[in-house]
Amino acid sequence: MAEPFTITEHTNLALATIMARKGVDPAAIEAALADTQLIPTGPGTWLAVSYCDPPPYPGEGRGPVPTPDLDPGLRRDTLKDLASVSDQSGGYIVYRFSGPAARTLLQRGAFIDLHPSVFGPGSSAVTVIAHIGVILWQADDDTSFDVALFRSFAGSFRHWVEASANAHDRHPDESRDPWDPQV
Amino acid sequence: MRIPCPFCGNRDTQEFVYRGDASPTRPDTDEAMHDYVYLRDNVAGPMREHWYHAQGCRNWIVVTRDTRTHEIISAEFPR
Amino acid sequence: MKRFSIFSLAANALSGHRKWAPTWRDASPRPGYDIIIVGGGGHGLATAYYLAKVHGITNVAVIEKGWIGGGNAGRNTTIIRSNYGLAGNGPFYEWSMKLWEGLEQELNYNAMVSQRGVLNLYHSDGQRDAYARRGNAMRMHGVDAELLDRDAVRRMAPFLDFEGARFPIQGGLLQRRGGTARHDAVVWGYARAASALGVDIIQNCEVTGFVTDNGGAITGVETSRGTIRAGKTGIAVAGNSSRVAAMAGLRLPIESHVLQAFVSEGLKPVIPGVITFGMGHFYISQSDKGGLVFGGDIDGYNSYAQRGNLPVVQDVCEGGMALMPMIGKARVLRSWGGIMDMTMDGSPIIDRSPVDGLWLNAGWCYGGFKATPASGWCFAHLLATETPHETATAYRLDRFATGDVIDEKGAGAQANLH
Ligand SMILES: Cc1cc2nc3c(=O)[nH]c(=O)nc-3n(C[C@H](O)[C@H](O)[C@H](O)COP(=O)(O)OP(=O)(O)OC[C@H]3O[C@@H](n4cnc5c(N)ncnc54)[C@H](O)[C@@H]3O)c2cc1C
Ligand SMILES: [Zn+2]
C-alpha cells in the first residue's frame with residue numbers, strides 16, 4: 001500500500017457487554033454509565049470499554065496471562081436493576097489501526113461504507129471482516145480505528161490483514177491500487 | 001440484496017441467517033403440526049420472512065421481500 | 001423421424017448443413033389429450049417419451065410456458081451420479097444411471113454422456129467414515145464405489161492444494177460410472193424421440209389454472225392458449241411446483257430457492273472428472289468445450305428470480321481458490337441462476353396428489369438432472385399403471401406425515417439446509 005498504517009494490540013482494555021433488563025429504558029443505562037465509553041452493539045446492548053492496566057504477569061506456567069479487571073463503575077451496584085454485565089476482557093482482542101492507510105485497509109474487508117462522510121469520529125458498527133465478526137469504531141478524530149473480535153480468531157484476522165495489505169503488491173502488472181485514496 | 005436493519009442500517013445479506021416464511025405459527029394440536037412443520041405457501045411475490053442479523057446486532061428481523069425480484073420492501077423488529 | 005447416422009451427417013455436409021429437418025414438431029394445442037404433462041423440462045419430456053415408448057400412450061401433450069429446456073434443464077451443471085446412501089434413493093438413481101448408459105442408442109441422439117467419474121473429497125476422519133458408509137451402502141445396492149486415499153487422489157488431481165490447506169485433503173469417494181451429460185442435448189433428444197412417437201410439444205403455452213368436474217376432479221388445464229381437456233394431468237414444473245399446485249388448492253412441502261452456476265473461458269483439458277469439495281461448498285468439472293463449470297451452495301433464501309446475489313459468488317470463488325489455487329488464473333465467462341424446488345427432506349416426490357386427476361413430479365432440489373431418465377420412466381409408469389415404479393415407492397407425498405422422510409443429510413425440516 002502506498003501509505004502506511006500500523007496495527008497494535010491493546011493490552012490495557014477492560015471490556016464488558018451490557019444488556020438492558022427487560023423494560024429498562026436504554027437512556028437510563030447510558031446515563032448511569034456516563035463516564036464509560038459505550039459502543040452500541042444492538043438495541044439495549046453495548047460493549048463497555050475502559051482503560052486500566054492489567055495485574056502483573058505471574059510468569060510462565062503459573063496461570064493465564066492476566067487481563068485488566070472490570071471497570072469499577074461497572075462492578076458497583078450502579079447497574080443492578082438496569083442491566084446484566086458480563087466481563088469480556090479475556091474474550092475479545094482489540095486492535096488499534098492507525099495511519100493514513102488504516103481506513104483504506106479496513107474498507108477492503110468490511111461491507112459497510114467507511115468513507116469519512118458517513119463513518120467519522122464517534123461512529124461504530126458491528127459487522128464482519130473476512131467471515132470474522134468484528135465490532136469496529138473510529139477511535140479519534142482522524143485515522144485511528146479500534147477493531148474488537150473474539151480472541152481465538154486473532155490468527156485468522158491477522159492473516160487477512162497481511163493478505164489485504166499486500167494484495168496489490170503481488171502482481172507487478174496490477175500494482176495500481178484501486179482502493180488507494182491517493183489515486 | 002442489502003437489508004435495512006432497523007438498528008444497524010443497510011447491510012449485506014452475508015451478515016444474516018435466513019429462516020424463512022414468518023407467517024406459520026406453532027399450533028396447539030398434533031394434527032396441525034404436520035402442516036406447520038412441513039407445508040409452505042412458498043409465496044411468489046411479497047413475503048414476510050425471518051432473517052437473523054448474526055454478524056450484526058444479533059436480532060431477529062421481519063423482512064418483507066418480493067421473492068420474484070428480491071426487492072426489499074420493509075424490515076422491522078418483530079415486536 | 002430421420003435417423004442420425006454417419007451417412008446423414010455426410011449427406012448434410014455436402015449440402016452445407018442447410019437441409020436438416022427441424023428436430024421436433026412445434027405443435028399447437030388440440031382440444032384434449034389422454035395425458036397432459038405440464039412443464040417442458042427434462043422430466044416432462046422424458047415422461048412423455050416413456051409414456052409413448054413403454055406404455056403405448058401417444059395421445060399426450062407436453063405444455064411449456066416458455067421454450068423447452070429454458071428452465072433448470074438448461075441451467076444445471078450437468079452432473080450425473082448414483083452415489084446415494086439411503087435405501088429410498090439408491091435403487092432409483094442407479095436405475096437412472098443405467099438408463100443414461102443406454103440413452104444415446106435409445107434416443108438415437110448424442111447426449112454426450114461421459115462417465116468421467118465423480119469424486120467427493122473428504123478432509124477429516126469423520127467425513128471419511130461417512131463416505132465409507134455411503135460407499136458400502138452403494139455397493140450393497142450394486143452401485144460402483146471406491147474409497148480413495150490421499151495418494152490416489154493426488155494421482156488423479158495433482159493440481160489440488162494438498163499442502164497447507166485449511167482443510168487438508170485426506171482422500172475421496174469415487175464413483176467411476178458417474179460423470180456428465182450435455183444438458184440441452186438431453187432435452188432435445190427426448191423431445192425429438194417423443195415427438196416422433198406422436199407426442200405434441202406445445203411451447204409458449206402457460207398453464208394458468210385447472211378445469212374441474214362437479215366432483216372436484218381435474219379434467220384439464222386452462223392455458224394462455226385456451227382450455228385443453230385431459231384424462232390425467234401430471235405436473236413436472238420444478239421450481240414452480242408450489243405455484244402450479246396452488247392452482248389446484250394444494251400446499252406442498254417445498255420452498256423455491258435459487259442456485260447459481262459459473263463457467264470460465266475455454267481451457268485445455270485439466271479437470272479429469274467431477275470433483276466436489278463439500279467442506280468448502282464448491283464443485284467443478286470441465287465441459288467438452290473446455291469451460292470450467294462450477295458452483296456451490298444455494299443462495300439460501302426463497303426466490304423465483306432465476307438469478308442470485310454476490311455473497312454466494314464470493315463464497316464459491318473462495319471455495320475454488322481454497323481447493324485449487326490455479327483457478328485464480330481463469331476468467332469467469334458467465335454466471336446464472338435457476339429455481340430449485342427444495343423439499344423438506346431433500347428428496348423428490350413422484351406420487352398421485354390428493355386431488356383426483358392430478359399427479360405430482362416435484363421436489364428435485366439441486367440434483368434432478370441426473371434423475372431425468374428415471375424420473376420420466378417412473379412418472380410415466382405411475383401415470384400409466386397408477387402404481388409406483390418399484391424404484392420410486394419411497395417418493396410419497398405423505399411421507400412427511402408418516403415420518404418416512406428420506407433425509408440424506410439429516411438436516412431436518414429446513415428446506416435451505418438440504
Ligand atoms: C445452477 C444449477 C445447477 C444444477 N446442477 C445439477 C447437477 O449438476 N446435477 C443434477 O442432477 N441436477 C442439477 N441441477 C438440478 C436440475 O437442473 C433440476 O432438478 C432439474 O432440471 C429439474 O427438472 P426439469 O428438467 O424438468 O426442470 P425445468 O427444466 O425447470 O422444467 C420445468 C419447466 O416447467 C415450466 N413451467 C413452469 N410453470 C409452468 C406453467 N405454469 N405452465 C407451463 N409450463 C410451466 C418451466 O418453464 C420449465 O421449462 C441444477 C440446477 C441448477 C439451477
Ligand atoms: Zn442489525
# chains A, B, ... in the order shown; residues from 1 in each chain; ligands from 1
call {"tool": "residues_around", "arguments": {"residues": "Pro26 of chain A", "least_positions_apart": "4", "cutoff": "7 Å", "atoms": "only C-alpha atoms", "output": "PyMOL selection string"}}
result
chain A and resi 20+30+44
call {"tool": "interface_residues", "arguments": {"of": "chain B", "to": "chain A", "cutoff": "9 Å", "atoms": "only C-alpha atoms", "output": "short mmCIF file (atom, residue, chain, number, x, y, z; two decimals) with N, CA, C and O atoms, in the first residue's frame"}}
result
data_model
loop_
_atom_site.label_atom_id
_atom_site.label_comp_id
_atom_site.auth_asym_id
_atom_site.auth_seq_id
_atom_site.Cartn_x
_atom_site.Cartn_y
_atom_site.Cartn_z
N PHE B 7 -31.68 -1.42 13.34
CA PHE B 7 -30.64 -0.90 14.25
C PHE B 7 -29.36 -0.53 13.51
O PHE B 7 -28.81 0.55 13.71
N CYS B 8 -28.87 -1.41 12.66
CA CYS B 8 -27.53 -1.26 12.06
C CYS B 8 -27.53 -0.48 10.76
O CYS B 8 -26.47 -0.05 10.30
N ASN B 10 -28.30 -0.24 6.48
CA ASN B 10 -28.24 -1.11 5.31
C ASN B 10 -27.06 -2.07 5.39
O ASN B 10 -25.93 -1.65 5.52
N ARG B 11 -27.33 -3.36 5.32
CA ARG B 11 -26.25 -4.33 5.44
C ARG B 11 -26.36 -5.42 4.39
O ARG B 11 -27.45 -5.81 3.99
N ASP B 12 -25.21 -5.94 3.98
CA ASP B 12 -25.13 -7.04 3.04
C ASP B 12 -25.81 -8.28 3.62
O ASP B 12 -25.67 -8.56 4.81
N GLN B 14 -24.95 -11.18 3.51
CA GLN B 14 -23.95 -12.10 4.05
C GLN B 14 -23.90 -12.05 5.57
O GLN B 14 -23.46 -12.99 6.21
N GLU B 15 -24.34 -10.94 6.16
CA GLU B 15 -24.31 -10.82 7.62
C GLU B 15 -25.50 -11.52 8.29
O GLU B 15 -25.55 -11.61 9.50
N ALA B 54 -27.01 -12.14 12.37
CA ALA B 54 -26.00 -12.86 13.15
C ALA B 54 -24.69 -12.09 13.26
O ALA B 54 -24.04 -12.09 14.29
N GLN B 55 -24.27 -11.45 12.18
CA GLN B 55 -23.00 -10.73 12.16
C GLN B 55 -23.22 -9.23 12.36
O GLN B 55 -22.47 -8.41 11.83
N GLY B 56 -24.29 -8.91 13.10
CA GLY B 56 -24.57 -7.51 13.38
C GLY B 56 -25.13 -7.41 14.79
O GLY B 56 -24.50 -7.88 15.73
N CYS B 57 -26.35 -6.88 14.89
CA CYS B 57 -26.92 -6.60 16.22
C CYS B 57 -27.50 -7.85 16.88
O CYS B 57 -28.03 -7.78 17.97
N ARG B 58 -27.43 -9.00 16.18
CA ARG B 58 -27.92 -10.27 16.74
C ARG B 58 -29.40 -10.21 17.13
O ARG B 58 -29.80 -10.72 18.16
N ASN B 59 -30.17 -9.56 16.27
CA ASN B 59 -31.61 -9.54 16.47
C ASN B 59 -32.31 -10.22 15.30
O ASN B 59 -31.80 -10.22 14.17
#
call {"tool": "atom_distance", "arguments": {"atom1": "atom CA of Arg62 of chain A", "atom2": "atom CA of Ala48 of chain A"}}
result
29.0 Å
call {"tool": "interface_residues", "arguments": {"of": "chain C", "to": "chain A", "cutoff": "12 Å", "atoms": "only C-alpha atoms", "output": "PDB file with N, CA and C atoms, in the first residue's frame"}}
result
ATOM      1  N   ARG C 166      -6.471 -25.172   4.484  1.00  0.00           N
ATOM      2  CA  ARG C 166      -7.226 -25.089   5.735  1.00  0.00           C
ATOM      3  C   ARG C 166      -7.884 -26.443   6.048  1.00  0.00           C
ATOM      4  N   LEU C 310     -24.426 -11.653  -4.800  1.00  0.00           N
ATOM      5  CA  LEU C 310     -22.968 -11.704  -4.746  1.00  0.00           C
ATOM      6  C   LEU C 310     -22.361 -12.509  -3.593  1.00  0.00           C
ATOM      7  N   PRO C 311     -22.994 -12.583  -2.400  1.00  0.00           N
ATOM      8  CA  PRO C 311     -22.338 -13.361  -1.345  1.00  0.00           C
ATOM      9  C   PRO C 311     -22.004 -14.788  -1.774  1.00  0.00           C
ATOM     10  N   GLN C 314     -19.051 -14.855  -4.125  1.00  0.00           N
ATOM     11  CA  GLN C 314     -17.811 -14.766  -3.347  1.00  0.00           C
ATOM     12  C   GLN C 314     -17.489 -16.104  -2.684  1.00  0.00           C
ATOM     13  N   ASP C 315     -18.510 -16.718  -2.090  1.00  0.00           N
ATOM     14  CA  ASP C 315     -18.307 -17.976  -1.376  1.00  0.00           C
ATOM     15  C   ASP C 315     -17.791 -19.064  -2.323  1.00  0.00           C
ATOM     16  N   GLU C 318     -14.203 -18.293  -3.318  1.00  0.00           N
ATOM     17  CA  GLU C 318     -13.298 -18.609  -2.207  1.00  0.00           C
ATOM     18  C   GLU C 318     -13.081 -20.117  -2.107  1.00  0.00           C
TER      19      GLU C 318
END
call {"tool": "select_by_dssp", "arguments": {"residues": "segment 78-175 of chain A", "states": "strand (DSSP E or B)", "output": "ChimeraX atom specification"}}
result
/A:83-87,92-98,110,124-129,132-138,145-150
call {"tool": "write_last_selection", "arguments": {"atoms": "N, CA and C atoms", "output": "mmCIF file, in the first residue's frame"}}
result
data_model
loop_
_atom_site.group_PDB
_atom_site.id
_atom_site.type_symbol
_atom_site.label_atom_id
_atom_site.label_comp_id
_atom_site.auth_asym_id
_atom_site.auth_seq_id
_atom_site.Cartn_x
_atom_site.Cartn_y
_atom_site.Cartn_z
ATOM 1 N N ALA A 83 -29.293 -3.517 34.158
ATOM 2 C CA ALA A 83 -28.686 -4.281 33.066
ATOM 3 C C ALA A 83 -27.880 -5.448 33.603
ATOM 4 N N SER A 84 -27.669 -6.441 32.729
ATOM 5 C CA SER A 84 -26.740 -7.525 33.043
ATOM 6 C C SER A 84 -25.376 -7.145 32.487
ATOM 7 N N VAL A 85 -24.329 -7.517 33.228
ATOM 8 C CA VAL A 85 -22.972 -7.181 32.811
ATOM 9 C C VAL A 85 -22.184 -8.478 32.718
ATOM 10 N N SER A 86 -21.491 -8.704 31.597
ATOM 11 C CA SER A 86 -20.568 -9.833 31.616
ATOM 12 C C SER A 86 -19.187 -9.404 31.124
ATOM 13 N N ASP A 87 -18.212 -9.830 31.874
ATOM 14 C CA ASP A 87 -16.823 -9.453 31.614
ATOM 15 C C ASP A 87 -16.348 -10.123 30.330
ATOM 16 N N TYR A 92 -12.434 -10.893 24.086
ATOM 17 C CA TYR A 92 -12.147 -10.122 22.869
ATOM 18 C C TYR A 92 -10.693 -9.697 22.850
ATOM 19 N N ILE A 93 -10.149 -9.615 21.646
ATOM 20 C CA ILE A 93 -8.874 -8.938 21.441
ATOM 21 C C ILE A 93 -9.223 -7.651 20.701
ATOM 22 N N VAL A 94 -8.538 -6.569 21.021
ATOM 23 C CA VAL A 94 -8.842 -5.298 20.359
ATOM 24 C C VAL A 94 -7.578 -4.773 19.692
ATOM 25 N N TYR A 95 -7.665 -4.537 18.401
ATOM 26 C CA TYR A 95 -6.533 -3.996 17.640
ATOM 27 C C TYR A 95 -6.760 -2.517 17.365
ATOM 28 N N ARG A 96 -5.687 -1.760 17.401
ATOM 29 C CA ARG A 96 -5.718 -0.355 17.008
ATOM 30 C C ARG A 96 -5.048 -0.237 15.641
ATOM 31 N N PHE A 97 -5.815 0.241 14.663
ATOM 32 C CA PHE A 97 -5.258 0.542 13.340
ATOM 33 C C PHE A 97 -5.091 2.048 13.240
ATOM 34 N N SER A 98 -3.897 2.491 12.925
ATOM 35 C CA SER A 98 -3.766 3.927 12.695
ATOM 36 C C SER A 98 -2.841 4.204 11.522
ATOM 37 N N ALA A 110 -14.452 -4.738 5.109
ATOM 38 C CA ALA A 110 -15.808 -4.512 5.622
ATOM 39 C C ALA A 110 -16.765 -4.186 4.484
ATOM 40 N N SER A 124 -19.513 3.792 14.949
ATOM 41 C CA SER A 124 -19.150 2.420 15.279
ATOM 42 C C SER A 124 -20.077 1.480 14.519
ATOM 43 N N ALA A 125 -19.682 0.231 14.404
ATOM 44 C CA ALA A 125 -20.527 -0.754 13.724
ATOM 45 C C ALA A 125 -20.170 -2.150 14.195
ATOM 46 N N VAL A 126 -21.193 -3.000 14.262
ATOM 47 C CA VAL A 126 -20.954 -4.427 14.442
ATOM 48 C C VAL A 126 -21.099 -5.031 13.058
ATOM 49 N N THR A 127 -20.049 -5.651 12.550
ATOM 50 C CA THR A 127 -20.130 -6.168 11.187
ATOM 51 C C THR A 127 -19.161 -7.339 11.044
ATOM 52 N N VAL A 128 -18.743 -7.625 9.820
ATOM 53 C CA VAL A 128 -17.937 -8.814 9.592
ATOM 54 C C VAL A 128 -16.797 -8.463 8.640
ATOM 55 N N ILE A 129 -15.623 -8.993 8.924
ATOM 56 C CA ILE A 129 -14.475 -8.834 8.031
ATOM 57 C C ILE A 129 -13.892 -10.222 7.803
ATOM 58 N N ILE A 132 -15.168 -12.991 9.837
ATOM 59 C CA ILE A 132 -14.948 -12.899 11.277
ATOM 60 C C ILE A 132 -15.766 -11.719 11.805
ATOM 61 N N GLY A 133 -16.606 -11.976 12.798
ATOM 62 C CA GLY A 133 -17.415 -10.911 13.364
ATOM 63 C C GLY A 133 -16.532 -9.885 14.073
ATOM 64 N N VAL A 134 -16.794 -8.606 13.819
ATOM 65 C CA VAL A 134 -15.993 -7.558 14.454
ATOM 66 C C VAL A 134 -16.899 -6.451 14.988
ATOM 67 N N ILE A 135 -16.412 -5.795 16.040
ATOM 68 C CA ILE A 135 -17.006 -4.530 16.455
ATOM 69 C C ILE A 135 -15.943 -3.492 16.151
ATOM 70 N N LEU A 136 -16.285 -2.497 15.340
ATOM 71 C CA LEU A 136 -15.238 -1.543 14.981
ATOM 72 C C LEU A 136 -15.737 -0.126 15.201
ATOM 73 N N TRP A 137 -14.815 0.725 15.654
ATOM 74 C CA TRP A 137 -15.192 2.121 15.883
ATOM 75 C C TRP A 137 -14.012 3.031 15.583
ATOM 76 N N GLN A 138 -14.341 4.255 15.218
ATOM 77 C CA GLN A 138 -13.269 5.229 14.996
ATOM 78 C C GLN A 138 -12.840 5.746 16.353
ATOM 79 N N PHE A 145 -8.585 3.554 14.287
ATOM 80 C CA PHE A 145 -9.769 2.714 14.454
ATOM 81 C C PHE A 145 -9.448 1.592 15.418
ATOM 82 N N ASP A 146 -10.427 1.233 16.242
ATOM 83 C CA ASP A 146 -10.287 0.045 17.072
ATOM 84 C C ASP A 146 -11.173 -1.050 16.506
ATOM 85 N N VAL A 147 -10.668 -2.272 16.489
ATOM 86 C CA VAL A 147 -11.423 -3.407 15.972
ATOM 87 C C VAL A 147 -11.383 -4.511 17.024
ATOM 88 N N ALA A 148 -12.560 -4.886 17.545
ATOM 89 C CA ALA A 148 -12.642 -5.947 18.549
ATOM 90 C C ALA A 148 -13.170 -7.213 17.893
ATOM 91 N N LEU A 149 -12.544 -8.342 18.205
ATOM 92 C CA LEU A 149 -13.025 -9.617 17.680
ATOM 93 C C LEU A 149 -12.737 -10.702 18.711
ATOM 94 N N PHE A 150 -13.397 -11.840 18.571
ATOM 95 C CA PHE A 150 -13.147 -12.922 19.518
ATOM 96 C C PHE A 150 -11.684 -13.335 19.421
#
call {"tool": "residues_near_ligand", "arguments": {"ligand": "ligand 1", "cutoff": "6 Å", "atoms": "only C-alpha atoms and all ligand atoms", "output": "ChimeraX atom specification"}}
result
/C:38-44,63-66,68-73,75-80,206-208,236-238,240,244,259-261,337-339,364-370
call {"tool": "residues_around", "arguments": {"residues": "Val258 of chain C", "least_positions_apart": "3", "cutoff": "7 Å", "atoms": "only C-alpha atoms", "output": "NGL selection string"}}
result
:C and (298-299 or 303 or 306-308 or 337-340)
call {"tool": "closest_residue", "arguments": {"among": "B:Met1, B:Ala75, B:Ala44, B:Ala22", "to": "ligand 2", "atoms": "only C-alpha atoms and all ligand atoms"}}
result
B:Ala75
call {"tool": "select_by_dssp", "arguments": {"residues": "segment 80-158 of chain C", "states": "helix (DSSP H, G or I)", "output": "PyMOL selection string"}}
result
chain C and resi 90-107+125-140+150-156
call {"tool": "interface_residues", "arguments": {"of": "chain B", "to": "chain C", "cutoff": "9 Å", "atoms": "only C-alpha atoms", "output": "MDAnalysis selection string"}}
result
chainID B and resid 1 12:14 17:21 34:35 37:45 66:70
call {"tool": "write_last_selection", "arguments": {"atoms": "N, CA, C and O atoms", "output": "mmCIF file, in the first residue's frame"}}
result
data_model
loop_
_atom_site.group_PDB
_atom_site.id
_atom_site.type_symbol
_atom_site.label_atom_id
_atom_site.label_comp_id
_atom_site.auth_asym_id
_atom_site.auth_seq_id
_atom_site.Cartn_x
_atom_site.Cartn_y
_atom_site.Cartn_z
ATOM 1 N N MET B 1 -28.478 -7.711 -2.839
ATOM 2 C CA MET B 1 -29.543 -7.572 -1.854
ATOM 3 C C MET B 1 -28.949 -7.047 -0.551
ATOM 4 O O MET B 1 -28.049 -7.654 0.000
ATOM 5 N N ASP B 12 -25.212 -5.938 3.981
ATOM 6 C CA ASP B 12 -25.126 -7.035 3.035
ATOM 7 C C ASP B 12 -25.806 -8.280 3.622
ATOM 8 O O ASP B 12 -25.669 -8.559 4.810
ATOM 9 N N THR B 13 -26.478 -9.063 2.786
ATOM 10 C CA THR B 13 -27.180 -10.251 3.293
ATOM 11 C C THR B 13 -26.220 -11.284 3.867
ATOM 12 O O THR B 13 -26.626 -12.168 4.603
ATOM 13 N N GLN B 14 -24.949 -11.177 3.508
ATOM 14 C CA GLN B 14 -23.952 -12.102 4.049
ATOM 15 C C GLN B 14 -23.904 -12.048 5.573
ATOM 16 O O GLN B 14 -23.455 -12.989 6.209
ATOM 17 N N VAL B 17 -28.648 -14.647 8.694
ATOM 18 C CA VAL B 17 -29.045 -16.038 8.518
ATOM 19 C C VAL B 17 -30.529 -16.045 8.190
ATOM 20 O O VAL B 17 -31.311 -15.328 8.818
ATOM 21 N N TYR B 18 -30.901 -16.847 7.190
ATOM 22 C CA TYR B 18 -32.288 -16.869 6.722
ATOM 23 C C TYR B 18 -33.061 -17.991 7.400
ATOM 24 O O TYR B 18 -32.574 -19.117 7.477
ATOM 25 N N ARG B 19 -34.240 -17.677 7.885
ATOM 26 C CA ARG B 19 -35.064 -18.721 8.494
ATOM 27 C C ARG B 19 -36.259 -19.102 7.626
ATOM 28 O O ARG B 19 -36.647 -20.244 7.584
ATOM 29 N N GLY B 20 -36.866 -18.126 6.919
ATOM 30 C CA GLY B 20 -37.992 -18.455 6.045
ATOM 31 C C GLY B 20 -39.258 -17.697 6.392
ATOM 32 O O GLY B 20 -39.228 -16.710 7.133
ATOM 33 N N ASP B 21 -40.347 -18.198 5.831
ATOM 34 C CA ASP B 21 -41.660 -17.568 5.958
ATOM 35 C C ASP B 21 -41.986 -17.259 7.424
ATOM 36 O O ASP B 21 -41.885 -18.131 8.291
ATOM 37 N N HIS B 34 -48.118 -31.221 11.412
ATOM 38 C CA HIS B 34 -47.527 -31.581 10.115
ATOM 39 C C HIS B 34 -47.527 -30.385 9.172
ATOM 40 O O HIS B 34 -46.514 -30.055 8.559
ATOM 41 N N ASP B 35 -48.668 -29.704 9.094
ATOM 42 C CA ASP B 35 -48.752 -28.548 8.200
ATOM 43 C C ASP B 35 -47.745 -27.482 8.616
ATOM 44 O O ASP B 35 -47.064 -26.882 7.790
ATOM 45 N N VAL B 37 -44.918 -27.768 10.328
ATOM 46 C CA VAL B 37 -43.503 -28.104 10.151
ATOM 47 C C VAL B 37 -43.130 -28.226 8.667
ATOM 48 O O VAL B 37 -42.067 -27.784 8.254
ATOM 49 N N TYR B 38 -44.033 -28.809 7.860
ATOM 50 C CA TYR B 38 -43.613 -29.201 6.513
ATOM 51 C C TYR B 38 -44.201 -28.382 5.362
ATOM 52 O O TYR B 38 -43.559 -28.258 4.317
ATOM 53 N N LEU B 39 -45.414 -27.883 5.512
ATOM 54 C CA LEU B 39 -46.040 -27.255 4.339
ATOM 55 C C LEU B 39 -45.762 -25.757 4.299
ATOM 56 O O LEU B 39 -45.689 -25.094 5.324
ATOM 57 N N ARG B 40 -45.595 -25.232 3.103
ATOM 58 C CA ARG B 40 -45.272 -23.811 2.936
ATOM 59 C C ARG B 40 -46.143 -23.202 1.841
ATOM 60 O O ARG B 40 -46.440 -23.859 0.840
ATOM 61 N N ASP B 41 -46.484 -21.928 2.012
ATOM 62 C CA ASP B 41 -47.170 -21.218 0.929
ATOM 63 C C ASP B 41 -46.214 -20.973 -0.226
ATOM 64 O O ASP B 41 -46.626 -20.855 -1.368
ATOM 65 N N ASN B 42 -44.932 -20.859 0.071
ATOM 66 C CA ASN B 42 -43.910 -20.667 -0.975
ATOM 67 C C ASN B 42 -44.311 -19.515 -1.893
ATOM 68 O O ASN B 42 -44.378 -19.669 -3.113
ATOM 69 N N VAL B 43 -44.547 -18.384 -1.263
ATOM 70 C CA VAL B 43 -45.138 -17.209 -1.919
ATOM 71 C C VAL B 43 -44.294 -16.738 -3.103
ATOM 72 O O VAL B 43 -43.075 -16.627 -3.002
ATOM 73 N N ALA B 44 -44.960 -16.451 -4.224
ATOM 74 C CA ALA B 44 -44.299 -15.756 -5.342
ATOM 75 C C ALA B 44 -44.798 -14.321 -5.300
ATOM 76 O O ALA B 44 -45.897 -14.022 -5.738
ATOM 77 N N GLY B 45 -43.994 -13.438 -4.731
ATOM 78 C CA GLY B 45 -44.425 -12.058 -4.542
ATOM 79 C C GLY B 45 -43.931 -11.578 -3.187
ATOM 80 O O GLY B 45 -43.024 -12.178 -2.614
ATOM 81 N N ASP B 66 -39.903 -9.136 -2.005
ATOM 82 C CA ASP B 66 -40.579 -9.732 -3.160
ATOM 83 C C ASP B 66 -39.708 -10.878 -3.691
ATOM 84 O O ASP B 66 -38.595 -10.642 -4.176
ATOM 85 N N THR B 67 -40.235 -12.099 -3.611
ATOM 86 C CA THR B 67 -39.420 -13.259 -3.990
ATOM 87 C C THR B 67 -39.218 -13.344 -5.510
ATOM 88 O O THR B 67 -38.400 -14.128 -5.971
ATOM 89 N N ARG B 68 -39.963 -12.537 -6.279
ATOM 90 C CA ARG B 68 -39.778 -12.577 -7.734
ATOM 91 C C ARG B 68 -38.662 -11.643 -8.189
ATOM 92 O O ARG B 68 -38.061 -11.843 -9.234
ATOM 93 N N THR B 69 -38.407 -10.589 -7.385
ATOM 94 C CA THR B 69 -37.440 -9.566 -7.817
ATOM 95 C C THR B 69 -36.321 -9.345 -6.807
ATOM 96 O O THR B 69 -35.363 -8.646 -7.113
ATOM 97 N N HIS B 70 -36.461 -9.877 -5.591
ATOM 98 C CA HIS B 70 -35.547 -9.643 -4.469
ATOM 99 C C HIS B 70 -35.641 -8.215 -3.936
ATOM 100 O O HIS B 70 -34.811 -7.802 -3.122
#
call {"tool": "residues_around", "arguments": {"residues": "Gly99 of chain A", "least_positions_apart": "3", "cutoff": "8 Å", "atoms": "only C-alpha atoms", "output": "ChimeraX atom specification"}}
result
/A:3-6,102,143-144
call {"tool": "write_last_selection", "arguments": {"atoms": "all heavy atoms", "output": "tab-separated table (two decimals), in the first residue's frame"}}
result
chain	number	residue	atom	x	y	z
A	3	GLU	N	0.44	4.18	1.24
A	3	GLU	CA	0.57	4.88	2.52
A	3	GLU	C	0.66	3.87	3.64
A	3	GLU	O	0.07	2.80	3.57
A	3	GLU	CB	-0.66	5.77	2.74
A	3	GLU	CG	-0.85	6.82	1.67
A	3	GLU	CD	0.02	8.03	1.92
A	3	GLU	OE1	0.74	8.05	2.95
A	3	GLU	OE2	-0.01	8.95	1.09
A	4	PRO	N	1.33	4.18	4.69
A	4	PRO	CA	1.50	3.20	5.76
A	4	PRO	C	0.33	3.18	6.75
A	4	PRO	O	-0.47	4.09	6.82
A	4	PRO	CB	2.76	3.71	6.47
A	4	PRO	CG	2.75	5.19	6.25
A	4	PRO	CD	2.04	5.43	4.95
A	5	PHE	N	0.27	2.09	7.45
A	5	PHE	CA	-0.61	2.02	8.61
A	5	PHE	C	0.11	1.19	9.66
A	5	PHE	O	1.05	0.46	9.36
A	5	PHE	CB	-1.96	1.40	8.26
A	5	PHE	CG	-1.90	-0.08	8.01
A	5	PHE	CD1	-2.14	-1.00	9.03
A	5	PHE	CD2	-1.57	-0.56	6.75
A	5	PHE	CE1	-2.06	-2.36	8.80
A	5	PHE	CE2	-1.48	-1.92	6.52
A	5	PHE	CZ	-1.73	-2.82	7.54
A	6	THR	N	-0.32	1.31	10.91
A	6	THR	CA	0.25	0.46	11.95
A	6	THR	C	-0.88	-0.30	12.63
A	6	THR	O	-2.03	0.16	12.65
A	6	THR	CB	0.99	1.29	13.02
A	6	THR	OG1	0.07	2.24	13.57
A	6	THR	CG2	2.19	2.01	12.44
A	102	ALA	N	-5.08	3.34	7.19
A	102	ALA	CA	-5.87	2.44	8.04
A	102	ALA	C	-7.30	2.30	7.51
A	102	ALA	O	-7.85	1.20	7.43
A	102	ALA	CB	-5.89	2.97	9.47
A	143	THR	N	-7.49	9.19	12.01
A	143	THR	CA	-7.30	7.97	11.23
A	143	THR	C	-7.08	6.75	12.10
A	143	THR	O	-6.49	5.78	11.65
A	143	THR	CB	-6.08	8.11	10.30
A	143	THR	OG1	-4.95	8.46	11.11
A	143	THR	CG2	-6.30	9.16	9.25
A	144	SER	N	-7.54	6.77	13.32
A	144	SER	CA	-7.35	5.59	14.17
A	144	SER	C	-8.67	4.87	14.38
A	144	SER	O	-9.70	5.49	14.63
A	144	SER	CB	-6.78	5.99	15.53
A	144	SER	OG	-5.49	6.52	15.35
call {"tool": "residues_around", "arguments": {"residues": "Pro121 of chain A", "least_positions_apart": "3", "cutoff": "7 Å", "atoms": "only C-alpha atoms", "output": "ChimeraX atom specification"}}
result
/A:138-141
